[in-house]
Structures are given as structure tokens and as C-alpha cells.
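Source file final-v8.cif; content: mmCIF, C-alpha atoms.
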```
data_query
#
loop_
_atom_site.label_atom_id
_atom_site.label_comp_id
_atom_site.auth_asym_id
_atom_site.auth_seq_id
_atom_site.Cartn_x
_atom_site.Cartn_y
_atom_site.Cartn_z
CA MET A 1 26.24 7.49 4.08
CA LYS A 2 26.30 10.82 5.85
CA THR A 3 25.25 13.19 3.05
CA ILE A 4 21.58 12.86 2.19
CA GLY A 5 19.68 14.80 -0.46
CA ILE A 6 15.94 15.36 -0.21
CA VAL A 7 13.95 16.46 -3.25
CA GLY A 8 10.61 17.87 -2.12
CA LEU A 9 10.42 19.86 1.11
CA GLY A 10 6.73 19.73 1.86
CA ARG A 11 5.36 18.55 5.20
CA MET A 12 6.91 15.09 4.98
CA GLY A 13 10.15 16.07 3.26
CA SER A 14 10.88 18.93 5.65
CA GLY A 15 10.12 16.68 8.62
CA MET A 16 12.62 14.09 7.37
CA CYS A 17 15.18 16.90 6.86
CA ASN A 18 14.85 18.08 10.44
CA ASN A 19 15.03 14.56 11.83
CA LEU A 20 18.13 13.55 9.84
CA SER A 21 19.89 16.87 10.56
CA ARG A 22 19.46 16.30 14.30
CA LYS A 23 20.97 12.83 13.89
CA GLY A 24 24.19 14.13 12.35
CA TYR A 25 23.56 13.82 8.63
CA GLN A 26 24.49 16.59 6.24
CA VAL A 27 21.17 17.21 4.50
CA LEU A 28 20.94 18.85 1.08
CA GLY A 29 17.50 19.97 -0.06
CA TYR A 30 15.71 21.08 -3.19
CA ASP A 31 12.18 22.35 -3.73
CA VAL A 32 10.54 24.40 -6.47
CA ASN A 33 9.09 26.67 -3.76
CA PRO A 34 11.87 28.80 -2.19
CA ASP A 35 9.75 29.34 0.95
CA SER A 36 10.10 25.62 1.71
CA TYR A 37 13.70 26.13 2.83
CA ASN A 38 12.49 28.19 5.78
CA ARG A 39 10.67 25.27 7.41
CA CYS A 40 13.61 22.89 7.80
CA HIS A 41 17.32 22.50 8.61
CA VAL A 42 18.75 21.97 5.14
CA ILE A 43 21.45 23.21 2.78
CA PRO A 44 19.64 24.50 -0.34
CA VAL A 45 21.10 23.17 -3.60
CA GLU A 46 20.05 22.53 -7.17
CA ILE A 47 19.36 18.92 -8.15
CA SER A 48 22.54 18.80 -10.26
CA GLN A 49 24.63 19.78 -7.21
CA MET A 50 22.79 17.24 -5.07
CA ALA A 51 23.65 14.49 -7.54
CA GLU A 52 27.35 15.36 -7.23
CA GLN A 53 27.48 15.48 -3.42
CA ALA A 54 24.88 13.12 -1.91
CA ASP A 55 25.29 9.44 -1.13
CA VAL A 56 21.52 8.86 -1.07
CA ILE A 57 18.74 11.02 -2.50
CA ILE A 58 15.23 10.78 -1.03
CA LEU A 59 12.29 11.77 -3.23
CA SER A 60 9.30 13.18 -1.33
CA LEU A 61 7.12 14.56 -4.10
CA PRO A 62 3.40 15.22 -4.70
CA THR A 63 2.79 12.84 -7.63
CA GLY A 64 4.43 10.49 -10.10
CA ALA A 65 4.78 13.31 -12.64
CA GLU A 66 7.23 15.15 -10.38
CA VAL A 67 9.10 11.91 -9.69
CA LYS A 68 9.62 11.35 -13.42
CA GLN A 69 10.90 14.91 -13.84
CA ALA A 70 13.31 14.54 -10.94
CA LEU A 71 14.64 11.21 -12.25
CA GLU A 72 15.40 12.80 -15.62
CA LYS A 73 17.57 15.35 -13.84
CA LEU A 74 19.29 12.61 -11.82
CA LYS A 75 20.37 10.39 -14.71
CA GLY A 76 24.06 10.73 -13.86
CA PHE A 77 23.62 10.07 -10.14
CA LYS A 78 25.80 7.17 -8.89
CA GLY A 79 24.23 6.70 -5.44
CA THR A 80 20.87 5.27 -4.37
CA ILE A 81 17.51 6.95 -4.87
CA VAL A 82 14.90 6.26 -2.18
CA ASP A 83 11.43 7.12 -3.45
CA THR A 84 8.95 7.84 -0.64
CA THR A 85 6.32 9.38 -2.94
CA THR A 86 2.86 7.80 -2.79
CA LEU A 87 2.32 6.26 -6.24
CA SER A 88 -0.17 3.99 -7.94
CA VAL A 89 0.95 0.60 -9.26
CA ASP A 90 0.80 1.89 -12.85
CA GLU A 91 3.00 4.88 -11.96
CA THR A 92 5.44 2.58 -10.18
CA LEU A 93 5.76 0.34 -13.24
CA GLN A 94 6.24 3.35 -15.53
CA ILE A 95 9.01 4.69 -13.29
CA LEU A 96 10.73 1.30 -13.10
CA ASP A 97 10.77 1.26 -16.89
CA GLN A 98 12.20 4.79 -16.94
CA ILE A 99 15.10 4.08 -14.57
CA SER A 100 15.91 0.48 -15.55
CA PHE A 101 18.96 1.48 -17.62
CA CYS A 102 21.00 3.41 -15.06
CA LEU A 103 19.67 4.38 -11.63
CA ASP A 104 19.85 2.50 -8.32
CA TYR A 105 16.22 2.98 -7.27
CA PHE A 106 14.54 1.78 -4.07
CA THR A 107 10.87 2.01 -3.06
CA CYS A 108 10.07 3.22 0.45
CA ARG A 109 6.40 4.16 0.89
CA LEU A 110 5.55 6.09 4.06
CA GLU A 111 2.81 5.80 6.65
CA ARG A 112 2.02 8.22 9.49
CA GLY A 113 2.39 11.98 9.15
CA PRO A 114 4.56 15.11 9.34
CA LYS A 115 4.88 14.86 13.14
CA GLU A 116 6.34 11.36 12.86
CA ALA A 117 8.58 12.44 9.94
CA ASN A 118 10.06 15.10 12.22
CA GLU A 119 10.41 12.66 15.14
CA GLY A 120 11.90 9.81 13.10
CA THR A 121 9.00 7.48 13.89
CA LEU A 122 7.58 6.88 10.42
CA ALA A 123 6.42 3.48 9.17
CA LEU A 124 8.29 2.55 5.99
CA TYR A 125 7.10 -0.07 3.51
CA CYS A 126 10.15 -1.11 1.50
CA GLY A 127 10.52 -2.87 -1.82
CA GLY A 128 13.23 -3.50 -4.39
CA ASP A 129 16.62 -5.16 -4.25
CA ARG A 130 17.22 -6.96 -0.96
CA GLN A 131 20.91 -6.04 -0.81
CA THR A 132 20.00 -2.37 -1.30
CA TYR A 133 17.56 -2.67 1.60
CA GLU A 134 20.26 -4.08 3.85
CA LYS A 135 22.69 -1.33 2.81
CA LEU A 136 20.07 1.34 3.54
CA SER A 137 18.94 -0.21 6.81
CA PRO A 138 20.78 2.23 9.15
CA LEU A 139 19.30 5.24 7.32
CA LEU A 140 15.83 3.67 7.28
CA SER A 141 16.08 3.03 11.03
CA ASP A 142 16.84 6.71 11.54
CA LEU A 143 13.65 7.55 9.63
CA GLY A 144 11.44 5.12 11.53
CA GLU A 145 10.23 1.52 11.67
CA HIS A 146 10.74 -0.35 8.40
CA VAL A 147 9.76 -3.66 6.85
CA TYR A 148 10.98 -5.26 3.62
CA LEU A 149 7.99 -6.52 1.63
CA GLY A 150 9.60 -7.78 -1.58
CA SER A 151 9.12 -6.10 -4.94
CA HIS A 152 8.51 -2.43 -5.69
CA VAL A 153 4.91 -3.25 -6.61
CA GLN A 154 4.28 -5.26 -3.43
CA ALA A 155 5.54 -2.41 -1.22
CA THR A 156 3.44 0.07 -3.18
CA MET A 157 0.32 -2.05 -2.86
CA VAL A 158 0.73 -2.49 0.91
CA LYS A 159 0.89 1.29 1.23
CA LEU A 160 -2.31 1.65 -0.81
CA LEU A 161 -4.06 -1.06 1.22
CA GLY A 162 -3.08 0.83 4.36
CA ASN A 163 -4.69 3.94 2.89
CA ILE A 164 -7.92 2.03 2.22
CA ILE A 165 -8.08 0.70 5.77
CA GLY A 166 -7.11 4.02 7.36
CA THR A 167 -9.61 6.02 5.33
CA VAL A 168 -12.53 3.70 6.00
CA MET A 169 -11.67 3.90 9.72
CA VAL A 170 -11.57 7.73 9.64
CA VAL A 171 -15.03 7.81 8.01
CA LEU A 172 -16.38 5.28 10.52
CA ASN A 173 -14.85 7.22 13.43
CA GLY A 174 -16.59 10.30 12.04
CA GLU A 175 -19.92 8.56 12.60
CA ILE A 176 -18.84 7.40 16.05
CA SER A 177 -17.83 10.94 17.02
CA SER A 178 -21.44 12.14 16.64
CA ILE A 179 -22.62 9.48 19.09
CA MET A 180 -19.85 10.22 21.58
CA ARG A 181 -20.59 13.93 21.51
CA SER A 182 -24.33 13.41 21.96
CA ILE A 183 -23.84 11.48 25.20
CA GLY A 184 -21.09 13.73 26.55
CA LEU A 185 -18.19 11.27 26.52
CA ASP A 186 -14.73 12.63 27.23
CA PRO A 187 -12.99 11.97 23.87
CA GLU A 188 -9.52 11.18 25.21
CA LEU A 189 -10.86 8.86 27.89
CA ALA A 190 -13.16 7.14 25.40
CA ALA A 191 -10.35 6.74 22.85
CA ARG A 192 -8.19 5.19 25.56
CA ALA A 193 -10.96 2.76 26.46
CA LEU A 194 -11.55 1.85 22.80
CA SER A 195 -7.82 1.22 22.33
CA MET A 196 -7.99 -1.52 24.98
CA GLY A 197 -10.29 -3.75 22.94
CA GLY A 198 -11.26 -4.83 19.45
CA ALA A 199 -12.03 -1.23 18.42
CA ASN A 200 -8.37 -0.25 18.65
CA ASN A 201 -7.13 1.41 15.47
CA ALA A 202 -4.42 3.82 14.38
CA GLN A 203 -6.98 6.57 13.70
CA LEU A 204 -8.22 6.98 17.27
CA PHE A 205 -6.21 10.18 17.68
CA ARG A 206 -8.33 11.61 14.84
CA LEU A 207 -11.47 10.46 16.65
CA VAL A 208 -10.51 12.85 19.47
CA TRP A 209 -10.24 15.68 16.91
CA GLN A 210 -13.61 14.69 15.45
CA VAL A 211 -15.42 14.68 18.79
CA ARG A 212 -13.98 18.06 19.74
CA GLY A 213 -14.39 19.56 16.29
CA GLU A 214 -10.75 20.68 16.50
CA HIS A 215 -8.89 19.34 13.47
CA GLN A 216 -5.13 19.80 13.29
CA GLU A 217 -3.28 20.40 10.04
CA SER A 218 -1.96 17.03 8.91
CA PHE A 219 -3.23 15.07 5.88
CA SER A 220 -5.79 16.90 3.77
CA LEU A 221 -9.06 15.33 2.67
CA ASP A 222 -8.16 16.12 -0.93
CA LEU A 223 -4.92 14.15 -0.66
CA ALA A 224 -6.57 11.27 1.22
CA GLN A 225 -9.31 10.97 -1.39
CA HIS A 226 -6.75 11.05 -4.22
CA VAL A 227 -4.72 8.25 -2.63
CA VAL A 228 -7.82 6.09 -2.07
CA GLU A 229 -8.75 6.47 -5.74
CA MET A 230 -5.23 5.32 -6.63
CA ALA A 231 -5.76 2.28 -4.42
CA ILE A 232 -9.09 1.50 -6.10
CA GLU A 233 -7.56 1.76 -9.58
CA SER A 234 -4.52 -0.31 -8.59
CA SER A 235 -6.80 -3.03 -7.17
CA LYS A 236 -8.73 -3.18 -10.44
CA ARG A 237 -5.46 -3.82 -12.25
CA TYR A 238 -5.28 -7.15 -10.45
CA GLY A 239 -8.90 -8.11 -11.09
CA VAL A 240 -10.44 -6.90 -7.81
CA LYS A 241 -13.12 -4.60 -9.21
CA TYR A 242 -15.70 -4.47 -6.42
CA LEU A 243 -14.77 -2.71 -3.17
CA PRO A 244 -18.12 -1.56 -1.77
CA LEU A 245 -16.96 -0.19 1.60
CA THR A 246 -14.02 1.63 0.03
CA GLU A 247 -16.22 3.08 -2.70
CA LEU A 248 -18.75 4.26 -0.10
CA ALA A 249 -16.03 5.94 1.99
CA ASN A 250 -14.63 7.51 -1.16
CA GLY A 251 -18.06 8.88 -2.10
CA LEU A 252 -18.51 10.41 1.33
CA MET A 253 -15.09 12.05 1.07
CA ILE A 254 -15.96 13.47 -2.34
CA THR A 255 -19.15 14.96 -0.90
CA ALA A 256 -17.35 16.39 2.14
CA LYS A 257 -14.69 17.89 -0.12
CA SER A 258 -17.34 19.50 -2.35
CA LEU A 259 -18.71 21.26 0.75
CA GLY A 260 -15.32 22.76 1.54
CA PHE A 261 -14.42 20.40 4.39
CA GLY A 262 -11.01 18.82 4.90
CA ARG A 263 -8.50 21.50 4.05
CA LYS A 264 -6.65 20.76 7.29
CA ASP A 265 -7.18 17.04 7.62
CA VAL A 266 -9.18 14.06 6.38
CA SER A 267 -10.77 13.82 9.85
CA GLU A 268 -13.00 16.74 8.82
CA VAL A 269 -15.18 14.22 6.99
CA SER A 270 -16.96 14.09 10.38
CA LYS A 271 -18.39 17.53 9.57
CA LEU A 272 -20.39 15.88 6.81
CA MET A 273 -21.79 13.36 9.31
CA ASP A 274 -22.77 16.20 11.64
CA LEU A 275 -24.44 18.04 8.75
CA ILE A 276 -26.40 14.94 7.71
CA ASN A 277 -27.58 14.33 11.27
CA SER A 278 -28.60 17.93 11.89
CA THR A 279 -30.45 18.07 8.55
CA ARG A 280 -32.34 14.89 9.31
CA LYS A 281 -33.36 16.27 12.72
CA GLU A 282 -34.74 19.41 11.09
CA VAL A 283 -36.67 17.33 8.53
CA GLU A 284 -38.13 15.10 11.28
CA LYS A 285 -39.30 18.17 13.23
CA LYS A 286 -41.31 19.32 10.23
#
```

Rewrite the structure from the file as C-alpha cells, please.
Amino acid sequence: MKTIGIVGLGRMGSGMCNNLSRKGYQVLGYDVNPDSYNRCHVIPVEISQMAEQADVIILSLPTGAEVKQALEKLKGFKGTIVDTTTLSVDETLQILDQISFCLDYFTCRLERGPKEANEGTLALYCGGDRQTYEKLSPLLSDLGEHVYLGSHVQATMVKLLGNIIGTVMVVLNGEISSIMRSIGLDPELAARALSMGGANNAQLFRLVWQVRGEHQESFSLDLAQHVVEMAIESSKRYGVKYLPLTELANGLMITAKSLGFGRKDVSEVSKLMDLINSTRKEVEKK
């Protein structure tokens, strides 16, 4: 399993390319945008060539629509397809129906970001055939930390639940950042202190960005809000129709996005909190 194909060379796909290339894999890549080949160590090929040469093909695509298109082009592929694309439960079921007749398909939803993709420290939520998981285990270990969760749907849902929790925490940290800034707390020192107790969460690095007002390019607000809406819709499919905290966080993200915030990262939702607080202060003065 030394020749890996990656379809989709965006931030995550290119990071995985660089990581696997450093670890000795021959990496073949395809993207509709030719400029994508400049950001990673990859041998550019068409999907048909990739299907002939690769042992495993990783899909890292924007939406389920692109996944379906790629799978159509991979019908004759004899290896294993690892789909890392963030999908809803409905999209997952549609794709399983599409590939049921021929393709060896494995679900591997990703957590963390482009930096971790490049470092090989992703979190991978895996679902599908258990024997396929065991066969892929060395490759998955080279990509990051992985856990087998059961079915394709179960792995997909855990990813979406992670997005709900992470997003609510980013919005909450946005509120906290206003307080920290107002009392002059050092953000890195405060984040370290918070990590030592019950306030520890995986979004504390974004809290530092929020306090400083210096947001790095990582996971856009538009993408975060889209994924949370997928999580809400997927939850409704299983009869859970009332998610008040998630809906509130989603509404705040929609408002922040409408104001032009979040092109770099979801952490920019804190700019909405700052705007609300400054507006209220002006109103109270009058």
C-alpha cells in the first residue's frame, strides 16, 4: 500500500499529500483547479490514471455532489476508496446506495485542520467493514489518530456531533474573549490556565485568536455554518428535532457571516460579539 491517490487538493487534501509524501508514499493527486498542484508534493494525474495505479484512493472533496461525480469515474477501481469528505447522513446513505454494486468504500471523517493534515496528527472517525479498517490501519496511523466506530452512518454522525460541540464552544469562547480583553488578561496564559480545569476544550487555541483579534486562515465560518446545518438536519432524521443551543449558535454564525466576518476562520464570530457589546455601550450612553 505505497501508492496513494488523493482526489481533492484543497487545504486538507494538500496537507495529507505532503504528510504522506514525507513518509515514503508515492502520492498521485487530482484537482479541478490546476493551481492546487503547486501547494503540495504530488504527481498530477487524471482520475482514470489514478484508478489504474493507486492501491488506495482518498477523497477529500467539498460536498457530496463532488463525491458522487468522483465515484462515477472510479467505477472500475479495484482498490479501496477512503472518503474523508464531510457529509450528512442522507448524503452518506445515497453514496452507499451508489457504490453498493462494485466499489470497496470506507468512511473516514476528519477532525482538526490543515496544519494537522500536514503534520499527520488528524483525528479520524472510521466506519464501514471492520476487516477493511484493519487492512487500512497502517495508512490511517500515518494520517493521525483513528478510532473505529462501527457503521458508515455512525462514523458520520460522530463527526457531525463533534462539529456541533466545537462550534458551540467557538461561539461561547467568542463571548469569553470580550471579557478577557476588557480586564487585560494575557490570552495564552489564560488559555493555559483554563486548560487545567473544567473549562478545557479543543477550541482554546481559537480563544487566543479571538482575544487578540488575529484570526489565522483555517476553517471558514461559511464552511462551519454549513456543517452545523448538516448536523441539525441529520439529527432530525433520527427524531431529535429540538437543539436550542445549536440553533442559537447557528443563528449567530449566520448573522456574523452576513456582516462579512469569518472568511479566514470560524473564530471570527467573536467580531459579532464585539460589535454587539460596542453597540450596546453606545445605546446606554444615549

Quick one: residues within 8 Å of Ile4 of chain A, only C-alpha atoms, excluding same-chain residues fewer than 2 positions away - as a PyMOL selection string?
chain A and resi 1-2+6+25-28+54-58

Give one line per residue of segment 56-157 of chain A that approaches segment 7-24 of chain A to at most 12 Å, naming the two atoms of the closest pair and their distance in Å to one decimal, counting only C-alpha atoms; sort by chain then ascending residue number and deliver it as a Markdown table.
```
| residue | atom | partner | partner_atom | distance |
| --- | --- | --- | --- | --- |
| A:Val56 | CA | A:Val7 | CA | 10.9 |
| A:Ile57 | CA | A:Val7 | CA | 7.3 |
| A:Ile58 | CA | A:Val7 | CA | 6.2 |
| A:Leu59 | CA | A:Val7 | CA | 5.0 |
| A:Ser60 | CA | A:Gly8 | CA | 4.9 |
| A:Leu61 | CA | A:Gly8 | CA | 5.2 |
| A:Pro62 | CA | A:Gly8 | CA | 8.1 |
| A:Thr63 | CA | A:Gly8 | CA | 10.8 |
| A:Glu66 | CA | A:Gly8 | CA | 9.3 |
| A:Val67 | CA | A:Val7 | CA | 9.3 |
| A:Gln69 | CA | A:Val7 | CA | 11.1 |
| A:Ala70 | CA | A:Val7 | CA | 8.0 |
| A:Leu71 | CA | A:Val7 | CA | 10.4 |
| A:Lys73 | CA | A:Val7 | CA | 11.2 |
| A:Leu74 | CA | A:Val7 | CA | 10.8 |
| A:Ile81 | CA | A:Val7 | CA | 10.3 |
| A:Val82 | CA | A:Val7 | CA | 10.3 |
| A:Asp83 | CA | A:Val7 | CA | 9.7 |
| A:Thr84 | CA | A:Gly13 | CA | 9.2 |
| A:Thr85 | CA | A:Gly8 | CA | 9.5 |
| A:Thr86 | CA | A:Met12 | CA | 11.4 |
| A:Arg109 | CA | A:Met12 | CA | 11.7 |
| A:Leu110 | CA | A:Met12 | CA | 9.1 |
| A:Glu111 | CA | A:Met12 | CA | 10.3 |
| A:Arg112 | CA | A:Met12 | CA | 9.6 |
| A:Gly113 | CA | A:Met12 | CA | 6.9 |
| A:Pro114 | CA | A:Met12 | CA | 5.0 |
| A:Lys115 | CA | A:Gly15 | CA | 7.2 |
| A:Glu116 | CA | A:Gly15 | CA | 7.8 |
| A:Ala117 | CA | A:Gly15 | CA | 4.7 |
| A:Asn118 | CA | A:Gly15 | CA | 3.9 |
| A:Glu119 | CA | A:Asn19 | CA | 6.0 |
| A:Gly120 | CA | A:Asn19 | CA | 5.8 |
| A:Thr121 | CA | A:Asn19 | CA | 9.5 |
| A:Leu122 | CA | A:Met16 | CA | 9.3 |
| A:Pro138 | CA | A:Lys23 | CA | 11.6 |
| A:Leu139 | CA | A:Leu20 | CA | 8.8 |
| A:Leu140 | CA | A:Leu20 | CA | 10.5 |
| A:Ser141 | CA | A:Leu20 | CA | 10.8 |
| A:Asp142 | CA | A:Leu20 | CA | 7.2 |
| A:Leu143 | CA | A:Met16 | CA | 7.0 |
| A:Gly144 | CA | A:Met16 | CA | 10.0 |
```

Using the chain letters and numbers from this file, what does the PyMOL selection byres ((chain A and resi 214) around 12) select? Give the answer as JSON, numbers by chain.
{"A": [187, 205, 206, 207, 208, 209, 210, 211, 212, 213, 215, 216, 217, 262, 264, 265, 267, 268, 270, 271]}

Top pick for closest residue to Gln154 of chain A, considering A:Lys135, A:Thr107, A:Thr80, A:Arg192 and counting all atoms listed in the file:
A:Thr107

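Atom CA of Gly29 of chain A is found 5.0 Å from atom CA of Pro44 of chain A.
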
Generate N, CA and C atoms for segment 186-201 of chain A and emit them as a PDB file, keeping the file's coordinate frame.
```pdb
ATOM      1  N   ASP A 186     -16.035  11.993  27.338  1.00  0.00           N
ATOM      2  CA  ASP A 186     -14.730  12.630  27.230  1.00  0.00           C
ATOM      3  C   ASP A 186     -13.957  11.927  26.110  1.00  0.00           C
ATOM      4  N   PRO A 187     -13.557  12.636  25.052  1.00  0.00           N
ATOM      5  CA  PRO A 187     -12.990  11.970  23.870  1.00  0.00           C
ATOM      6  C   PRO A 187     -11.679  11.240  24.145  1.00  0.00           C
ATOM      7  N   GLU A 188     -10.795  11.835  24.942  1.00  0.00           N
ATOM      8  CA  GLU A 188      -9.520  11.180  25.210  1.00  0.00           C
ATOM      9  C   GLU A 188      -9.710   9.928  26.060  1.00  0.00           C
ATOM     10  N   LEU A 189     -10.583  10.018  27.045  1.00  0.00           N
ATOM     11  CA  LEU A 189     -10.860   8.860  27.890  1.00  0.00           C
ATOM     12  C   LEU A 189     -11.530   7.755  27.089  1.00  0.00           C
ATOM     13  N   ALA A 190     -12.471   8.127  26.233  1.00  0.00           N
ATOM     14  CA  ALA A 190     -13.160   7.140  25.400  1.00  0.00           C
ATOM     15  C   ALA A 190     -12.205   6.488  24.411  1.00  0.00           C
ATOM     16  N   ALA A 191     -11.315   7.297  23.798  1.00  0.00           N
ATOM     17  CA  ALA A 191     -10.350   6.740  22.850  1.00  0.00           C
ATOM     18  C   ALA A 191      -9.408   5.762  23.559  1.00  0.00           C
ATOM     19  N   ARG A 192      -9.036   6.104  24.791  1.00  0.00           N
ATOM     20  CA  ARG A 192      -8.190   5.190  25.560  1.00  0.00           C
ATOM     21  C   ARG A 192      -8.911   3.875  25.822  1.00  0.00           C
ATOM     22  N   ALA A 193     -10.186   3.966  26.191  1.00  0.00           N
ATOM     23  CA  ALA A 193     -10.960   2.760  26.460  1.00  0.00           C
ATOM     24  C   ALA A 193     -11.109   1.913  25.196  1.00  0.00           C
ATOM     25  N   LEU A 194     -11.399   2.575  24.066  1.00  0.00           N
ATOM     26  CA  LEU A 194     -11.550   1.850  22.800  1.00  0.00           C
ATOM     27  C   LEU A 194     -10.257   1.169  22.379  1.00  0.00           C
ATOM     28  N   SER A 195      -9.115   1.785  22.708  1.00  0.00           N
ATOM     29  CA  SER A 195      -7.820   1.220  22.330  1.00  0.00           C
ATOM     30  C   SER A 195      -7.512  -0.072  23.079  1.00  0.00           C
ATOM     31  N   MET A 196      -8.252  -0.337  24.151  1.00  0.00           N
ATOM     32  CA  MET A 196      -7.990  -1.520  24.980  1.00  0.00           C
ATOM     33  C   MET A 196      -8.676  -2.769  24.442  1.00  0.00           C
ATOM     34  N   GLY A 197      -9.551  -2.603  23.439  1.00  0.00           N
ATOM     35  CA  GLY A 197     -10.290  -3.750  22.940  1.00  0.00           C
ATOM     36  C   GLY A 197     -10.233  -3.876  21.434  1.00  0.00           C
ATOM     37  N   GLY A 198     -11.229  -4.549  20.885  1.00  0.00           N
ATOM     38  CA  GLY A 198     -11.260  -4.830  19.450  1.00  0.00           C
ATOM     39  C   GLY A 198     -11.452  -3.598  18.592  1.00  0.00           C
ATOM     40  N   ALA A 199     -11.835  -2.462  19.182  1.00  0.00           N
ATOM     41  CA  ALA A 199     -12.030  -1.230  18.420  1.00  0.00           C
ATOM     42  C   ALA A 199     -10.735  -0.447  18.249  1.00  0.00           C
ATOM     43  N   ASN A 200      -9.626  -0.973  18.761  1.00  0.00           N
ATOM     44  CA  ASN A 200      -8.370  -0.250  18.650  1.00  0.00           C
ATOM     45  C   ASN A 200      -7.980  -0.069  17.186  1.00  0.00           C
ATOM     46  N   ASN A 201      -7.614   1.152  16.824  1.00  0.00           N
ATOM     47  CA  ASN A 201      -7.130   1.410  15.470  1.00  0.00           C
ATOM     48  C   ASN A 201      -6.241   2.637  15.480  1.00  0.00           C
TER      49      ASN A 201
END
```
